[in-house]
>>> print(open('entry-v5.cif').read())   # mmCIF, C-alpha atoms
data_coords
#
loop_
_atom_site.label_atom_id
_atom_site.label_comp_id
_atom_site.auth_asym_id
_atom_site.auth_seq_id
_atom_site.Cartn_x
_atom_site.Cartn_y
_atom_site.Cartn_z
CA MET A 1 -1.94 15.90 1.54
CA ILE A 2 -0.17 14.57 -1.57
CA LEU A 3 -0.08 10.82 -2.20
CA TYR A 4 2.06 9.11 -4.85
CA HIS A 5 1.68 5.98 -6.96
CA GLY A 6 4.58 4.41 -8.87
CA SER A 7 3.91 2.55 -12.11
CA PHE A 8 4.85 2.25 -15.80
CA THR A 9 1.94 4.46 -16.84
CA GLU A 10 0.26 7.62 -15.66
CA VAL A 11 -2.77 6.79 -13.54
CA ALA A 12 -5.12 9.74 -13.85
CA LYS A 13 -8.19 7.65 -13.00
CA PRO A 14 -7.39 4.76 -10.64
CA ASP A 15 -9.43 1.61 -11.21
CA TYR A 16 -10.00 -0.60 -8.17
CA TRP A 17 -10.41 -3.75 -10.27
CA ARG A 18 -6.96 -3.44 -11.86
CA GLY A 19 -5.32 -4.03 -8.48
CA ARG A 20 -3.96 -7.48 -7.64
CA GLU A 21 -5.56 -9.42 -4.81
CA LYS A 22 -2.75 -11.00 -2.80
CA LEU A 23 -0.93 -7.87 -1.67
CA ASP A 24 -0.33 -6.51 1.84
CA PHE A 25 -3.85 -5.15 2.25
CA GLY A 26 -5.58 -7.09 -0.53
CA ARG A 27 -6.99 -5.68 -3.76
CA GLY A 28 -6.92 -1.90 -3.99
CA PHE A 29 -5.12 1.13 -5.28
CA TYR A 30 -1.90 1.65 -3.35
CA THR A 31 -0.39 5.06 -2.69
CA THR A 32 2.15 6.51 -0.29
CA PRO A 33 2.85 9.97 1.16
CA TYR A 34 6.56 9.31 0.48
CA ARG A 35 7.63 10.14 -3.09
CA GLU A 36 10.85 8.16 -2.59
CA GLN A 37 8.82 5.08 -1.71
CA ALA A 38 6.75 5.44 -4.91
CA LEU A 39 10.01 5.67 -6.86
CA LYS A 40 11.16 2.39 -5.31
CA TRP A 41 7.81 0.76 -6.14
CA SER A 42 8.22 1.82 -9.77
CA GLU A 43 11.82 0.57 -10.23
CA ARG A 44 10.70 -2.80 -11.55
CA PHE A 45 9.27 -1.12 -14.66
CA ILE A 46 12.48 0.52 -15.89
CA HIS A 47 13.93 -2.60 -17.55
CA ARG A 48 10.66 -3.56 -19.20
CA PHE A 49 9.41 -0.14 -20.35
CA GLY A 50 12.53 2.06 -20.20
CA HIS A 51 10.85 4.47 -17.82
CA ARG A 52 8.58 4.74 -14.82
CA ILE A 53 5.89 7.22 -13.93
CA ILE A 54 4.99 8.72 -10.58
CA SER A 55 1.37 9.84 -10.42
CA SER A 56 0.54 12.42 -7.76
CA PHE A 57 -2.84 12.84 -6.09
CA GLU A 58 -4.36 15.37 -3.74
CA PHE A 59 -5.99 13.47 -0.88
CA ASP A 60 -8.55 15.17 1.36
CA GLU A 61 -7.56 13.33 4.51
CA THR A 62 -9.71 15.42 6.84
CA ALA A 63 -12.91 14.70 4.91
CA ALA A 64 -11.92 11.06 4.39
CA ARG A 65 -11.41 10.54 8.12
CA LYS A 66 -14.88 11.93 8.77
CA ASN A 67 -16.66 9.87 6.13
CA LEU A 68 -14.78 6.67 5.36
CA HIS A 69 -14.41 3.43 7.27
CA ILE A 70 -10.62 3.41 7.77
CA LEU A 71 -8.55 0.58 9.13
CA GLU A 72 -5.25 1.94 10.37
CA PHE A 73 -2.13 0.23 11.64
CA PRO A 74 0.04 2.99 13.16
CA LYS A 75 3.00 0.61 13.57
CA TYR A 76 4.02 -2.98 12.97
CA SER A 77 1.94 -5.07 15.33
CA GLU A 78 0.42 -8.51 15.70
CA ASP A 79 -2.85 -7.13 14.28
CA TRP A 80 -0.96 -5.78 11.23
CA LEU A 81 0.82 -9.10 10.79
CA ASP A 82 -2.43 -11.08 11.04
CA PHE A 83 -4.13 -8.79 8.52
CA VAL A 84 -1.24 -8.91 6.02
CA THR A 85 -1.07 -12.69 6.37
CA LEU A 86 -4.77 -13.07 5.54
CA CYS A 87 -4.59 -10.64 2.62
CA ARG A 88 -1.46 -12.24 1.16
CA ILE A 89 -3.10 -15.66 1.07
CA GLY A 90 -6.20 -14.15 -0.55
CA ALA A 91 -8.52 -14.77 2.40
CA GLY A 92 -10.32 -11.49 1.83
CA ARG A 93 -11.15 -8.68 4.18
CA ASP A 94 -14.17 -6.85 5.57
CA LYS A 95 -16.08 -5.39 2.60
CA ASN A 96 -17.00 -2.30 4.66
CA ILE A 97 -13.41 -1.05 4.77
CA ASP A 98 -12.83 1.92 2.44
CA LEU A 99 -9.20 2.70 3.19
CA ILE A 100 -6.37 0.85 4.88
CA ILE A 101 -3.34 2.75 6.17
CA GLY A 102 -0.23 1.04 7.47
CA SER A 103 3.32 -0.06 6.99
CA VAL A 104 4.56 -1.81 3.89
CA ALA A 105 5.82 -5.37 3.84
CA ASN A 106 8.81 -4.34 1.68
CA ASP A 107 11.74 -6.58 0.68
CA LYS A 108 13.45 -6.32 4.07
CA VAL A 109 10.20 -6.85 5.91
CA PHE A 110 9.12 -9.62 3.55
CA GLU A 111 12.10 -11.77 4.52
CA GLU A 112 10.92 -11.76 8.11
CA LEU A 113 7.32 -12.32 7.02
CA GLU A 114 8.39 -15.33 4.96
CA ALA A 115 10.11 -16.80 8.03
CA TYR A 116 6.88 -16.26 9.98
CA PHE A 117 4.62 -17.62 7.19
CA ASN A 118 6.79 -20.74 6.90
CA GLY A 119 6.85 -21.42 10.63
CA TYR A 120 10.51 -20.47 11.23
CA SER A 121 9.61 -17.46 13.37
CA ASP A 122 6.80 -16.63 15.76
CA LYS A 123 4.70 -13.45 15.90
CA VAL A 124 6.54 -11.88 18.80
CA THR A 125 9.97 -12.38 17.18
CA ALA A 126 8.72 -11.14 13.81
CA ILE A 127 7.25 -7.94 15.28
CA LYS A 128 10.39 -7.25 17.33
CA LYS A 129 12.54 -7.47 14.17
CA LEU A 130 10.17 -5.36 12.09
CA ARG A 131 10.19 -2.40 14.45
CA TYR A 132 13.78 -1.63 13.38
CA GLU A 133 12.88 -1.15 9.71
CA GLU A 134 12.91 2.34 8.24
CA PRO A 135 9.56 4.12 8.17
CA ASN A 136 7.29 3.51 5.24
CA LEU A 137 3.58 3.92 4.76
CA GLN A 138 0.94 2.87 2.30
CA TYR A 139 -2.64 3.96 1.77
CA CYS A 140 -4.71 1.23 0.11
CA PHE A 141 -7.99 2.50 -1.32
CA ALA A 142 -10.26 -0.52 -0.97
CA ASN A 143 -13.12 0.54 -3.23
CA GLN A 144 -13.79 2.70 -6.27
CA GLU A 145 -16.09 5.16 -4.52
CA ALA A 146 -13.45 6.09 -1.94
CA MET A 147 -10.92 6.79 -4.73
CA ASP A 148 -13.36 8.75 -6.87
CA THR A 149 -14.45 10.92 -3.94
CA TYR A 150 -11.24 11.59 -2.01
CA LEU A 151 -8.33 11.08 -4.42
CA HIS A 152 -7.82 13.77 -7.09
CA PHE A 153 -5.19 13.42 -9.80
CA VAL A 154 -2.57 16.20 -9.90
CA LYS A 155 0.04 15.06 -12.43
CA GLY A 156 2.11 12.23 -13.83
CA GLU A 157 5.89 12.53 -13.90
CA VAL A 158 8.01 10.40 -16.22
CA ILE A 159 11.26 9.20 -14.62
CA GLU A 160 13.86 7.61 -16.91
#
>>> encode(input="entry-v5.cif", output="structure tokens")
Amino acid sequence: MILYHGSFTEVAKPDYWRGREKLDFGRGFYTTPYREQALKWSERFIHRFGHRIISSFEFDETAARKNLHILEFPKYSEDWLDFVTLCRIGAGRDKNIDLIIGSVANDKVFEELEAYFNGYSDKVTAIKKLRYEEPNLQYCFANQEAMDTYLHFVKGEVIE
């Protein structure tokens, strides 16, 4: 399977510690099987750097599923919402998790999450609204060993 990462630079060797903490699934290296989604992630770099780069990786999903501790959210759910909430406030996560797979809290989703975080919406309402969002998916590699073992750089593509 090919996974993509959108940035301002080619990422031939992902570094776990360069990832920010308060993201959907906490600190990690974020990829997606959708090239178009990686392009959207990288849009914020065009104005600052004049370009963006999509790095592609071969991911051995079969071997990873046999050997890694994977936390997977197949759809928006209360469990997903609880996990994203904890990660976004920096509460940390189980250190035994190697890979987290699930939906993205993108701009459209984030609006509903903000309403939930601020007490203007409840879990049930938030989840009902989220299920109508277009499909997206992210793979967050939650430690260096998982990346080094199962994620193999293919190429970087400059997009102007």
>>> resolve_selection(input="entry-v5.cif", expression="the PyMOL selection byres ((chain A and resi 34) around 8)", output="NGL selection string")
:A and (3-4 or 32-33 or 35-38 or 136-137)
>>> resolve_selection(input="entry-v5.cif", expression="the PyMOL selection byres ((chain A and resi 76) around 12)", output="number ranges by chain")
A: 72-75, 77-84, 101-105, 109, 113, 123-137
>>> closest_residue(input="entry-v5.cif", among="A:Ala115, A:Ile100, A:Ala12, A:Val158", to="A:Asn143", atoms="all atoms listed in the file")
A:Ile100
>>> atom_distance(input="entry-v5.cif", atom1="atom CA of A:Glu61", atom2="atom CA of A:Gly92")
25.1 Å
>>> resolve_selection(input="entry-v5.cif", expression="the PyMOL selection byres ((chain A and resi 140) around 9)", output="VMD selection string")
chain A and resid 25 to 32 98 to 102 138 to 139 141 to 142
>>> closest_residue(input="entry-v5.cif", among="A:Lys22, A:His69, A:Arg52, A:Lys40", to="A:Ile89", atoms="all atoms listed in the file")
A:Lys22
>>> closest_residue(input="entry-v5.cif", among="A:Val11, A:Ile46, A:Ile97, A:Leu39", to="A:Leu68", atoms="all atoms listed in the file")
A:Ile97
>>> atom_distance(input="entry-v5.cif", atom1="atom CA of A:Ser56", atom2="atom CA of A:Thr85")
28.9 Å
>>> residues_around(input="entry-v5.cif", residues="A:Phe45", least_positions_apart="6", cutoff="7 Å", atoms="all atoms listed in the file", output="list in words")
Ser7, Phe8, His51 and Arg52 of chain A
>>> atom_distance(input="entry-v5.cif", atom1="atom CA of A:Gly156", atom2="atom CA of A:Arg48")
18.7 Å
>>> axis_aligned_box(input="entry-v5.cif", around="stretch 86-102 of chain A", padding_each_side="8 Å", output="AutoDock Vina command-line options")
--center_x -8.6 --center_y -6.5 --center_z 3.5 --size_x 32.8 --size_y 34.4 --size_z 24.0
>>> closest_residue(input="entry-v5.cif", among="A:Asp15, A:Asp94, A:Asp24, A:Glu58", to="A:Val154", atoms="only C-alpha atoms")
A:Glu58
>>> residues_around(input="entry-v5.cif", residues="A:Phe59", least_positions_apart="6", cutoff="10 Å", atoms="only C-alpha atoms", output="list in words")
Met1, Ile2, Leu3, Tyr4, Pro33, Met147, Thr149, Tyr150, Leu151, His152 and Phe153 of chain A
>>> write_last_selection(input="entry-v5.cif", atoms="C-alpha atoms", output="tab-separated table (two decimals), in the coordinates of the input")
chain	number	residue	atom	x	y	z
A	1	MET	CA	-1.94	15.90	1.54
A	2	ILE	CA	-0.17	14.57	-1.57
A	3	LEU	CA	-0.08	10.82	-2.20
A	4	TYR	CA	2.06	9.11	-4.85
A	33	PRO	CA	2.85	9.97	1.16
A	147	MET	CA	-10.92	6.79	-4.73
A	149	THR	CA	-14.45	10.92	-3.94
A	150	TYR	CA	-11.24	11.59	-2.01
A	151	LEU	CA	-8.33	11.08	-4.42
A	152	HIS	CA	-7.82	13.77	-7.09
A	153	PHE	CA	-5.19	13.42	-9.80
>>> closest_residue(input="entry-v5.cif", among="A:Thr9, A:Asp148, A:Arg20, A:Glu114", to="A:Asp60", atoms="only C-alpha atoms")
A:Asp148
